[in-house]
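The data block below is work-v3.csv; it holds CSV, N, CA and C atoms and all ligand atoms.
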chain,number,residue,atom,x,y,z
X,1,MET,N,0.8,-1.2,0.0
X,1,MET,CA,0.0,0.0,0.0
X,1,MET,C,0.9,1.3,0.0
X,2,LEU,N,0.5,2.2,-0.9
X,2,LEU,CA,1.3,3.4,-1.0
X,2,LEU,C,0.8,4.4,0.0
X,3,LYS,N,1.7,5.1,0.7
X,3,LYS,CA,1.2,6.0,1.7
X,3,LYS,C,1.5,7.4,1.3
X,4,TRP,N,0.5,8.3,1.5
X,4,TRP,CA,0.8,9.7,1.3
X,4,TRP,C,1.4,10.3,2.6
X,5,SER,N,2.4,11.2,2.4
X,5,SER,CA,2.9,11.9,3.5
X,5,SER,C,3.2,13.3,3.1
X,6,ASP,N,3.3,14.2,4.1
X,6,ASP,CA,3.5,15.6,3.7
X,6,ASP,C,4.9,15.8,3.1
X,7,GLU,N,5.8,14.9,3.2
X,7,GLU,CA,7.1,15.0,2.5
X,7,GLU,C,6.9,15.0,1.0
X,8,LEU,N,5.7,14.5,0.6
X,8,LEU,CA,5.5,14.4,-0.9
X,8,LEU,C,4.9,15.6,-1.5
X,9,ILE,N,4.7,16.6,-0.6
X,9,ILE,CA,4.1,17.9,-1.1
X,9,ILE,C,5.1,18.6,-2.0
X,10,ILE,N,4.7,19.0,-3.2
X,10,ILE,CA,5.7,19.8,-4.0
X,10,ILE,C,5.3,21.3,-3.9
X,11,GLY,N,4.2,21.6,-3.4
X,11,GLY,CA,3.8,23.0,-3.1
X,11,GLY,C,3.0,23.7,-4.2
X,12,VAL,N,2.5,22.9,-5.1
X,12,VAL,CA,1.5,23.4,-6.1
X,12,VAL,C,0.2,22.6,-5.8
X,13,PRO,N,-0.8,23.3,-5.2
X,13,PRO,CA,-1.9,22.5,-4.7
X,13,PRO,C,-2.6,21.6,-5.7
X,14,ASN,N,-2.7,22.1,-6.9
X,14,ASN,CA,-3.4,21.3,-8.0
X,14,ASN,C,-2.6,20.0,-8.2
X,15,LEU,N,-1.3,20.1,-8.3
X,15,LEU,CA,-0.5,18.9,-8.6
X,15,LEU,C,-0.5,18.0,-7.4
X,16,ASP,N,-0.4,18.6,-6.2
X,16,ASP,CA,-0.4,17.8,-5.0
X,16,ASP,C,-1.7,17.0,-4.8
X,17,ASN,N,-2.8,17.7,-5.1
X,17,ASN,CA,-4.1,16.9,-5.0
X,17,ASN,C,-4.2,15.8,-6.1
X,18,GLN,N,-3.6,16.1,-7.2
X,18,GLN,CA,-3.6,15.0,-8.3
X,18,GLN,C,-2.7,13.8,-7.8
X,19,HIS,N,-1.6,14.2,-7.2
X,19,HIS,CA,-0.7,13.1,-6.7
X,19,HIS,C,-1.5,12.2,-5.7
X,20,LYS,N,-2.2,12.9,-4.8
X,20,LYS,CA,-3.0,12.2,-3.8
X,20,LYS,C,-4.0,11.2,-4.4
X,21,LYS,N,-4.7,11.8,-5.4
X,21,LYS,CA,-5.7,11.0,-6.1
X,21,LYS,C,-5.1,9.8,-6.8
X,22,ILE,N,-3.9,10.0,-7.4
X,22,ILE,CA,-3.2,8.9,-8.1
X,22,ILE,C,-2.8,7.8,-7.1
X,23,LEU,N,-2.3,8.2,-6.0
X,23,LEU,CA,-2.0,7.3,-4.9
X,23,LEU,C,-3.2,6.4,-4.5
X,24,THR,N,-4.3,7.1,-4.2
X,24,THR,CA,-5.5,6.4,-3.8
X,24,THR,C,-5.9,5.5,-4.9
X,25,HIS,N,-5.9,5.9,-6.1
X,25,HIS,CA,-6.3,5.1,-7.2
X,25,HIS,C,-5.4,3.9,-7.4
X,26,LEU,N,-4.1,4.1,-7.3
X,26,LEU,CA,-3.2,2.9,-7.4
X,26,LEU,C,-3.4,1.9,-6.3
X,27,ASN,N,-3.7,2.4,-5.1
X,27,ASN,CA,-4.0,1.5,-4.0
X,27,ASN,C,-5.2,0.6,-4.3
X,28,LYS,N,-6.2,1.3,-4.9
X,28,LYS,CA,-7.5,0.6,-5.2
X,28,LYS,C,-7.2,-0.5,-6.3
X,29,LEU,N,-6.3,-0.1,-7.2
X,29,LEU,CA,-6.0,-1.0,-8.3
X,29,LEU,C,-5.2,-2.2,-7.8
X,30,LEU,N,-4.3,-2.0,-6.9
X,30,LEU,CA,-3.5,-3.1,-6.3
X,30,LEU,C,-4.4,-4.1,-5.5
X,31,LYS,N,-5.4,-3.5,-4.9
X,31,LYS,CA,-6.4,-4.3,-4.1
X,31,LYS,C,-7.2,-5.2,-5.1
X,32,LEU,N,-7.7,-4.6,-6.2
X,32,LEU,CA,-8.4,-5.3,-7.2
X,32,LEU,C,-7.6,-6.5,-7.7
X,33,VAL,N,-6.4,-6.2,-8.0
X,33,VAL,CA,-5.5,-7.2,-8.6
X,33,VAL,C,-5.2,-8.3,-7.6
X,34,ASP,N,-5.1,-7.9,-6.3
X,34,ASP,CA,-4.8,-8.9,-5.3
X,34,ASP,C,-6.0,-9.8,-5.0
X,35,LEU,N,-7.2,-9.2,-5.0
X,35,LEU,CA,-8.4,-9.9,-4.5
X,35,LEU,C,-9.2,-10.5,-5.6
X,36,GLY,N,-8.8,-10.2,-6.8
X,36,GLY,CA,-9.6,-10.7,-8.0
X,36,GLY,C,-10.6,-9.6,-8.4
X,37,PHE,N,-11.0,-9.6,-9.7
X,37,PHE,CA,-11.8,-8.6,-10.2
X,37,PHE,C,-12.7,-9.0,-11.3
X,38,SER,N,-13.7,-8.3,-11.6
X,38,SER,CA,-14.5,-8.6,-12.8
X,38,SER,C,-13.9,-7.7,-14.0
X,39,LEU,N,-14.3,-8.1,-15.2
X,39,LEU,CA,-13.7,-7.4,-16.3
X,39,LEU,C,-14.2,-6.0,-16.3
X,40,SER,N,-15.4,-5.7,-16.0
X,40,SER,CA,-15.9,-4.3,-16.0
X,40,SER,C,-15.2,-3.5,-14.9
X,41,ASP,N,-15.0,-4.1,-13.7
X,41,ASP,CA,-14.3,-3.4,-12.7
X,41,ASP,C,-12.9,-3.0,-13.1
X,42,ILE,N,-12.1,-3.9,-13.7
X,42,ILE,CA,-10.7,-3.6,-14.1
X,42,ILE,C,-10.7,-2.6,-15.2
X,43,LYS,N,-11.6,-2.7,-16.2
X,43,LYS,CA,-11.6,-1.8,-17.3
X,43,LYS,C,-11.8,-0.4,-16.8
X,44,LEU,N,-12.8,-0.2,-15.9
X,44,LEU,CA,-13.1,1.1,-15.3
X,44,LEU,C,-12.0,1.6,-14.5
X,45,ALA,N,-11.4,0.8,-13.7
X,45,ALA,CA,-10.2,1.2,-12.9
X,45,ALA,C,-9.1,1.7,-13.7
X,46,MET,N,-8.8,0.9,-14.8
X,46,MET,CA,-7.6,1.3,-15.7
X,46,MET,C,-8.0,2.6,-16.5
X,47,GLU,N,-9.2,2.7,-16.9
X,47,GLU,CA,-9.6,3.9,-17.7
X,47,GLU,C,-9.4,5.1,-16.8
X,48,ARG,N,-9.9,5.0,-15.5
X,48,ARG,CA,-9.8,6.1,-14.6
X,48,ARG,C,-8.4,6.5,-14.3
X,49,LEU,N,-7.5,5.5,-14.1
X,49,LEU,CA,-6.1,5.7,-13.9
X,49,LEU,C,-5.5,6.5,-15.1
X,50,GLU,N,-5.8,6.0,-16.3
X,50,GLU,CA,-5.3,6.6,-17.5
X,50,GLU,C,-5.7,8.1,-17.5
X,51,ASP,N,-7.0,8.3,-17.2
X,51,ASP,CA,-7.5,9.7,-17.3
X,51,ASP,C,-6.8,10.6,-16.3
X,52,ILE,N,-6.7,10.1,-15.0
X,52,ILE,CA,-6.1,10.9,-14.0
X,52,ILE,C,-4.6,11.2,-14.3
X,53,VAL,N,-3.9,10.2,-14.8
X,53,VAL,CA,-2.5,10.3,-15.1
X,53,VAL,C,-2.3,11.3,-16.3
X,54,ASN,N,-3.2,11.2,-17.3
X,54,ASN,CA,-3.0,12.1,-18.4
X,54,ASN,C,-3.3,13.5,-18.0
X,55,VAL,N,-4.3,13.8,-17.3
X,55,VAL,CA,-4.6,15.2,-16.8
X,55,VAL,C,-3.4,15.7,-16.0
X,56,HIS,N,-2.9,14.8,-15.1
X,56,HIS,CA,-1.8,15.2,-14.2
X,56,HIS,C,-0.6,15.5,-15.0
X,57,ASN,N,-0.2,14.6,-15.9
X,57,ASN,CA,1.0,14.8,-16.7
X,57,ASN,C,1.0,16.1,-17.5
X,58,ASP,N,-0.2,16.3,-18.1
X,58,ASP,CA,-0.4,17.5,-18.9
X,58,ASP,C,-0.2,18.8,-18.1
X,59,ALA,N,-0.8,18.8,-16.9
X,59,ALA,CA,-0.7,19.9,-16.0
X,59,ALA,C,0.8,20.1,-15.6
X,60,GLU,N,1.5,19.1,-15.2
X,60,GLU,CA,2.9,19.2,-14.8
X,60,GLU,C,3.7,19.7,-16.0
X,61,GLU,N,3.4,19.1,-17.2
X,61,GLU,CA,4.3,19.5,-18.3
X,61,GLU,C,4.0,21.0,-18.7
X,62,ARG,N,2.8,21.5,-18.6
X,62,ARG,CA,2.5,22.9,-18.8
X,62,ARG,C,3.3,23.8,-17.9
X,63,LEU,N,3.3,23.4,-16.6
X,63,LEU,CA,4.1,24.2,-15.6
X,63,LEU,C,5.6,24.1,-15.9
X,64,MET,N,6.1,23.0,-16.3
X,64,MET,CA,7.5,22.9,-16.5
X,64,MET,C,7.9,23.7,-17.7
X,65,LYS,N,7.1,23.8,-18.7
X,65,LYS,CA,7.4,24.6,-19.9
X,65,LYS,C,7.3,26.1,-19.5
X,66,LYS,N,6.3,26.4,-18.8
X,66,LYS,CA,6.1,27.8,-18.4
X,66,LYS,C,7.3,28.4,-17.7
X,67,TYR,N,7.9,27.5,-16.8
X,67,TYR,CA,9.0,28.0,-16.0
X,67,TYR,C,10.4,27.5,-16.5
X,68,ARG,N,10.3,27.0,-17.8
X,68,ARG,CA,11.6,26.6,-18.4
X,68,ARG,C,12.4,25.6,-17.5
X,69,TYR,N,11.7,24.6,-17.0
X,69,TYR,CA,12.4,23.6,-16.2
X,69,TYR,C,13.5,22.9,-16.9
X,70,PRO,N,14.7,22.9,-16.4
X,70,PRO,CA,15.8,22.4,-17.1
X,70,PRO,C,15.8,20.9,-17.4
X,71,TYR,N,15.0,20.1,-16.6
X,71,TYR,CA,14.9,18.7,-16.8
X,71,TYR,C,13.6,18.3,-17.5
X,72,LEU,N,13.0,19.2,-18.2
X,72,LEU,CA,11.7,19.0,-18.9
X,72,LEU,C,11.7,17.8,-19.8
X,73,LYS,N,12.7,17.7,-20.7
X,73,LYS,CA,12.7,16.6,-21.7
X,73,LYS,C,12.7,15.2,-21.0
X,74,GLN,N,13.6,15.1,-20.0
X,74,GLN,CA,13.7,13.8,-19.3
X,74,GLN,C,12.4,13.5,-18.6
X,75,HIS,N,11.8,14.5,-18.0
X,75,HIS,CA,10.6,14.3,-17.2
X,75,HIS,C,9.5,13.9,-18.1
X,76,VAL,N,9.4,14.6,-19.3
X,76,VAL,CA,8.3,14.3,-20.2
X,76,VAL,C,8.5,12.8,-20.7
X,77,LYS,N,9.7,12.5,-21.0
X,77,LYS,CA,10.0,11.1,-21.5
X,77,LYS,C,9.5,10.1,-20.5
X,78,GLU,N,9.7,10.3,-19.2
X,78,GLU,CA,9.3,9.4,-18.2
X,78,GLU,C,7.7,9.3,-18.2
X,79,HIS,N,7.1,10.5,-18.3
X,79,HIS,CA,5.6,10.5,-18.4
X,79,HIS,C,5.1,9.6,-19.5
X,80,ARG,N,5.7,9.7,-20.7
X,80,ARG,CA,5.3,8.9,-21.8
X,80,ARG,C,5.5,7.4,-21.6
X,81,ILE,N,6.6,7.1,-20.9
X,81,ILE,CA,6.8,5.7,-20.6
X,81,ILE,C,5.7,5.1,-19.7
X,82,TYR,N,5.4,5.9,-18.6
X,82,TYR,CA,4.4,5.4,-17.7
X,82,TYR,C,3.0,5.3,-18.4
X,83,SER,N,2.7,6.3,-19.2
X,83,SER,CA,1.4,6.2,-19.9
X,83,SER,C,1.3,5.0,-20.8
X,84,ASP,N,2.4,4.8,-21.5
X,84,ASP,CA,2.5,3.6,-22.4
X,84,ASP,C,2.3,2.3,-21.6
X,85,ASN,N,3.0,2.3,-20.5
X,85,ASN,CA,2.9,1.0,-19.6
X,85,ASN,C,1.5,0.8,-19.1
X,86,ILE,N,0.8,1.9,-18.8
X,86,ILE,CA,-0.5,1.7,-18.3
X,86,ILE,C,-1.4,1.1,-19.4
X,87,LYS,N,-1.2,1.5,-20.6
X,87,LYS,CA,-1.9,0.9,-21.7
X,87,LYS,C,-1.6,-0.6,-21.9
X,88,ILE,N,-0.3,-0.9,-21.8
X,88,ILE,CA,0.1,-2.3,-22.0
X,88,ILE,C,-0.4,-3.2,-20.9
X,89,ILE,N,-0.3,-2.7,-19.7
X,89,ILE,CA,-0.8,-3.5,-18.5
X,89,ILE,C,-2.3,-3.6,-18.6
X,90,SER,N,-3.0,-2.5,-19.0
X,90,SER,CA,-4.5,-2.6,-19.1
X,90,SER,C,-4.9,-3.6,-20.1
X,91,LYS,N,-4.3,-3.7,-21.3
X,91,LYS,CA,-4.6,-4.7,-22.3
X,91,LYS,C,-4.4,-6.1,-21.7
X,92,ALA,N,-3.2,-6.3,-21.1
X,92,ALA,CA,-2.9,-7.6,-20.5
X,92,ALA,C,-3.9,-8.0,-19.5
X,93,LEU,N,-4.3,-7.1,-18.6
X,93,LEU,CA,-5.3,-7.4,-17.6
X,93,LEU,C,-6.6,-7.8,-18.2
X,94,ILE,N,-7.0,-7.0,-19.2
X,94,ILE,CA,-8.3,-7.3,-19.8
X,94,ILE,C,-8.3,-8.6,-20.6
X,95,SER,N,-7.3,-8.9,-21.2
X,95,SER,CA,-7.3,-10.1,-22.0
X,95,SER,C,-6.9,-11.4,-21.2
X,96,HIS,N,-6.0,-11.3,-20.2
X,96,HIS,CA,-5.6,-12.5,-19.5
X,96,HIS,C,-6.1,-12.5,-18.0
X,97,GLY,N,-6.6,-11.5,-17.5
X,97,GLY,CA,-6.9,-11.5,-16.1
X,97,GLY,C,-5.6,-11.3,-15.3
X,98,SER,N,-5.7,-11.3,-13.9
X,98,SER,CA,-4.5,-11.2,-13.2
X,98,SER,C,-3.9,-12.5,-13.0
X,99,ASN,N,-2.6,-12.6,-13.0
X,99,ASN,CA,-1.8,-13.8,-12.7
X,99,ASN,C,-0.5,-13.4,-12.0
X,100,ILE,N,0.2,-14.3,-11.4
X,100,ILE,CA,1.3,-14.0,-10.6
X,100,ILE,C,2.3,-13.1,-11.3
X,101,LYS,N,2.6,-13.4,-12.6
X,101,LYS,CA,3.6,-12.7,-13.3
X,101,LYS,C,3.1,-11.2,-13.5
X,102,LEU,N,1.9,-11.1,-14.0
X,102,LEU,CA,1.4,-9.8,-14.3
X,102,LEU,C,1.2,-8.9,-13.0
X,103,ASN,N,0.8,-9.6,-11.9
X,103,ASN,CA,0.7,-8.9,-10.6
X,103,ASN,C,2.0,-8.3,-10.2
X,104,GLY,N,3.1,-9.1,-10.4
X,104,GLY,CA,4.4,-8.7,-10.1
X,104,GLY,C,4.8,-7.5,-10.9
X,105,THR,N,4.5,-7.5,-12.2
X,105,THR,CA,4.8,-6.4,-13.1
X,105,THR,C,4.1,-5.1,-12.6
X,106,ILE,N,2.8,-5.3,-12.2
X,106,ILE,CA,2.0,-4.1,-11.8
X,106,ILE,C,2.6,-3.6,-10.5
X,107,ARG,N,2.9,-4.5,-9.6
X,107,ARG,CA,3.5,-4.0,-8.3
X,107,ARG,C,4.8,-3.3,-8.6
X,108,SER,N,5.7,-3.8,-9.4
X,108,SER,CA,7.0,-3.1,-9.6
X,108,SER,C,6.8,-1.8,-10.4
X,109,GLN,N,5.8,-1.8,-11.3
X,109,GLN,CA,5.6,-0.5,-12.0
X,109,GLN,C,5.1,0.6,-11.0
X,110,VAL,N,4.1,0.2,-10.2
X,110,VAL,CA,3.6,1.1,-9.2
X,110,VAL,C,4.7,1.6,-8.3
X,111,GLU,N,5.5,0.7,-7.8
X,111,GLU,CA,6.6,1.0,-6.9
X,111,GLU,C,7.6,1.9,-7.6
X,112,ASP,N,7.9,1.6,-8.8
X,112,ASP,CA,8.8,2.4,-9.6
X,112,ASP,C,8.3,3.8,-9.8
X,113,TRP,N,7.0,4.0,-10.1
X,113,TRP,CA,6.4,5.3,-10.3
X,113,TRP,C,6.6,6.1,-9.0
X,114,TYR,N,6.2,5.4,-7.9
X,114,TYR,CA,6.2,6.0,-6.6
X,114,TYR,C,7.7,6.5,-6.2
X,115,SER,N,8.6,5.5,-6.2
X,115,SER,CA,9.9,5.9,-5.7
X,115,SER,C,10.8,6.6,-6.7
X,116,SER,N,10.7,6.2,-8.0
X,116,SER,CA,11.6,6.8,-8.9
X,116,SER,C,11.1,8.1,-9.5
X,117,HIS,N,9.7,8.1,-9.7
X,117,HIS,CA,9.2,9.3,-10.3
X,117,HIS,C,8.7,10.3,-9.3
X,118,LEU,N,7.7,9.9,-8.5
X,118,LEU,CA,7.1,10.8,-7.5
X,118,LEU,C,8.1,11.4,-6.5
X,119,VAL,N,8.8,10.4,-5.9
X,119,VAL,CA,9.7,10.8,-4.8
X,119,VAL,C,11.0,11.5,-5.4
X,120,ALA,N,11.5,11.0,-6.5
X,120,ALA,CA,12.7,11.6,-7.0
X,120,ALA,C,12.4,12.8,-8.0
X,121,HIS,N,11.8,12.5,-9.1
X,121,HIS,CA,11.6,13.6,-10.1
X,121,HIS,C,10.7,14.7,-9.8
X,122,ASP,N,9.5,14.3,-9.3
X,122,ASP,CA,8.5,15.3,-9.0
X,122,ASP,C,8.9,16.2,-7.8
X,123,MET,N,9.7,15.6,-6.9
X,123,MET,CA,10.2,16.4,-5.7
X,123,MET,C,11.3,17.4,-6.2
X,124,LYS,N,12.0,16.9,-7.2
X,124,LYS,CA,13.1,17.8,-7.8
X,124,LYS,C,12.4,19.0,-8.5
X,125,LEU,N,11.3,18.7,-9.1
X,125,LEU,CA,10.5,19.8,-9.7
X,125,LEU,C,10.0,20.8,-8.7
X,126,GLY,N,9.5,20.2,-7.6
X,126,GLY,CA,9.0,21.0,-6.5
X,126,GLY,C,10.1,21.9,-5.9
X,127,GLU,N,11.2,21.4,-5.7
X,127,GLU,CA,12.4,22.1,-5.2
X,127,GLU,C,12.7,23.3,-6.1
X,128,PHE,N,12.7,23.0,-7.4
X,128,PHE,CA,13.0,24.0,-8.5
X,128,PHE,C,12.0,25.2,-8.4
X,129,LEU,N,10.7,24.8,-8.2
X,129,LEU,CA,9.6,25.8,-8.2
X,129,LEU,C,9.7,26.6,-6.9
X,130,ARG,N,10.1,26.0,-5.8
X,130,ARG,CA,10.2,26.7,-4.5
X,130,ARG,C,11.3,27.7,-4.6
X,131,LYS,N,12.4,27.3,-5.3
X,131,LYS,CA,13.6,28.2,-5.4
X,131,LYS,C,13.2,29.4,-6.3
X,132,LEU,N,12.4,29.2,-7.3
X,132,LEU,CA,11.9,30.3,-8.2
X,132,LEU,C,11.1,31.3,-7.4
X,133,ASN,N,10.3,30.7,-6.5
X,133,ASN,CA,9.4,31.6,-5.7
X,133,ASN,C,10.2,32.5,-4.7
X,134,GLN,N,11.3,32.0,-4.3
X,134,GLN,CA,12.1,32.7,-3.3
X,134,GLN,C,12.9,33.9,-4.0
X,135,LYS,N,13.0,33.8,-5.3
X,135,LYS,CA,13.8,34.9,-6.0
X,135,LYS,C,13.0,36.2,-6.0
P,1,FE,FE,5.9,13.9,-13.1
Write the structure described by the file as structure tokens, please.
Ligand SMILES: [Fe+2]
Amino acid sequence: MLKWSDELIIGVPNLDNQHKKILTHLNKLLKLVDLGFSLSDIKLAMERLEDIVNVHNDAEERLMKKYRYPYLKQHVKEHRIYSDNIKIISKALISHGSNIKLNGTIRSQVEDWYSSHLVAHDMKLGEFLRKLNQK
């Protein structure tokens, strides 16, 4: 289970709220995958995740462009990879259901997004924005 903590706040309320929503949604998804799901449940959950992630990535990318964030390219590239992976996982879940291998892939993907993207990259963006504000 992914936990929200105030250390994850980047200081842009809109983005912070979206991060919270994404965490809640990923936890729901992990639960569905662990406990079993119906096709309609998983379809809906994956579509919602895709929607939230797309809206969030767009908002983050707009902000990075606006403030000429120096790591924009790298950050956008990561967003694309996560979006593509959501699509791949979604297709696999819908056509094969959950299985040990796929569940492992989902867990590592969620964990990777949390620790490599949210904690590392998004926090770096937050730090950059905070420094801009102090100028
Ligand atoms: Fe991001």
Problem set entry | helix (DSSP H, G or I) residues, from DSSP on the backbone, in chain X, as JSON, numbers by chain | {"X": [6, 7, 8, 13, 14, 15, 16, 17, 18, 19, 20, 21, 22, 23, 24, 25, 26, 27, 28, 29, 30, 31, 32, 33, 34, 35, 39, 40, 41, 42, 43, 44, 45, 46, 47, 48, 49, 50, 51, 52, 53, 54, 55, 56, 57, 58, 59, 60, 61, 62, 63, 64, 65, 66, 72, 73, 74, 75, 76, 77, 78, 79, 80, 81, 82, 83, 84, 85, 86, 87, 88, 89, 90, 91, 92, 93, 94, 95, 96, 100, 101, 102, 103, 104, 105, 106, 107, 108, 109, 110, 111, 112, 113, 114, 115, 116, 117, 118, 119, 120, 121, 122, 123, 124, 125, 126, 127, 128, 129, 130, 131, 132, 133, 134]}
For this session: Around ligand FE 1 (chain P), at most 6 Å away and counting only N, CA and C atoms and all ligand atoms, which residues are there? Put them as a ChimeraX atom specification, please.
Result: /X:117,121-122
For this session: Write out as a list of chain:residue names each polymer residue whose atoms come within 9 Å of Leu26 (chain X), counting only C-alpha atoms; drop sequence neighbours fewer than 4 positions from it.
Result: X:Met1, X:Leu2, X:Lys21, X:Ile22, X:Leu30, X:Lys31, X:Leu49, X:Val110
Exercise. For Asp84 (chain X), which residue out of X:Gly104, X:Glu50, X:Lys131, X:Leu15 is the nearest one, using only C-alpha atoms?
Worked result: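 Among X:Gly104, X:Glu50, X:Lys131, X:Leu15, it is X:Glu50 that comes nearest to Asp84 (chain X).
Shortest atom-to-atom contact with Glu61 (chain X) among X:Arg130, X:Arg48, X:Leu32, X:His75: X:His75, counting all atoms listed in the file.
As for CA of Ile42 (chain X) and CA of Leu93 (chain X), they are spaced 7.5 Å apart.
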Problem set entry | Selected residue of minimal separation from Glu7 (chain X) among X:Asn133, X:Leu63, X:Met123, X:Asn103, counting only N, CA and C atoms |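 Counting only N, CA and C atoms, the residue closest to Glu7 (chain X) is X:Met123.
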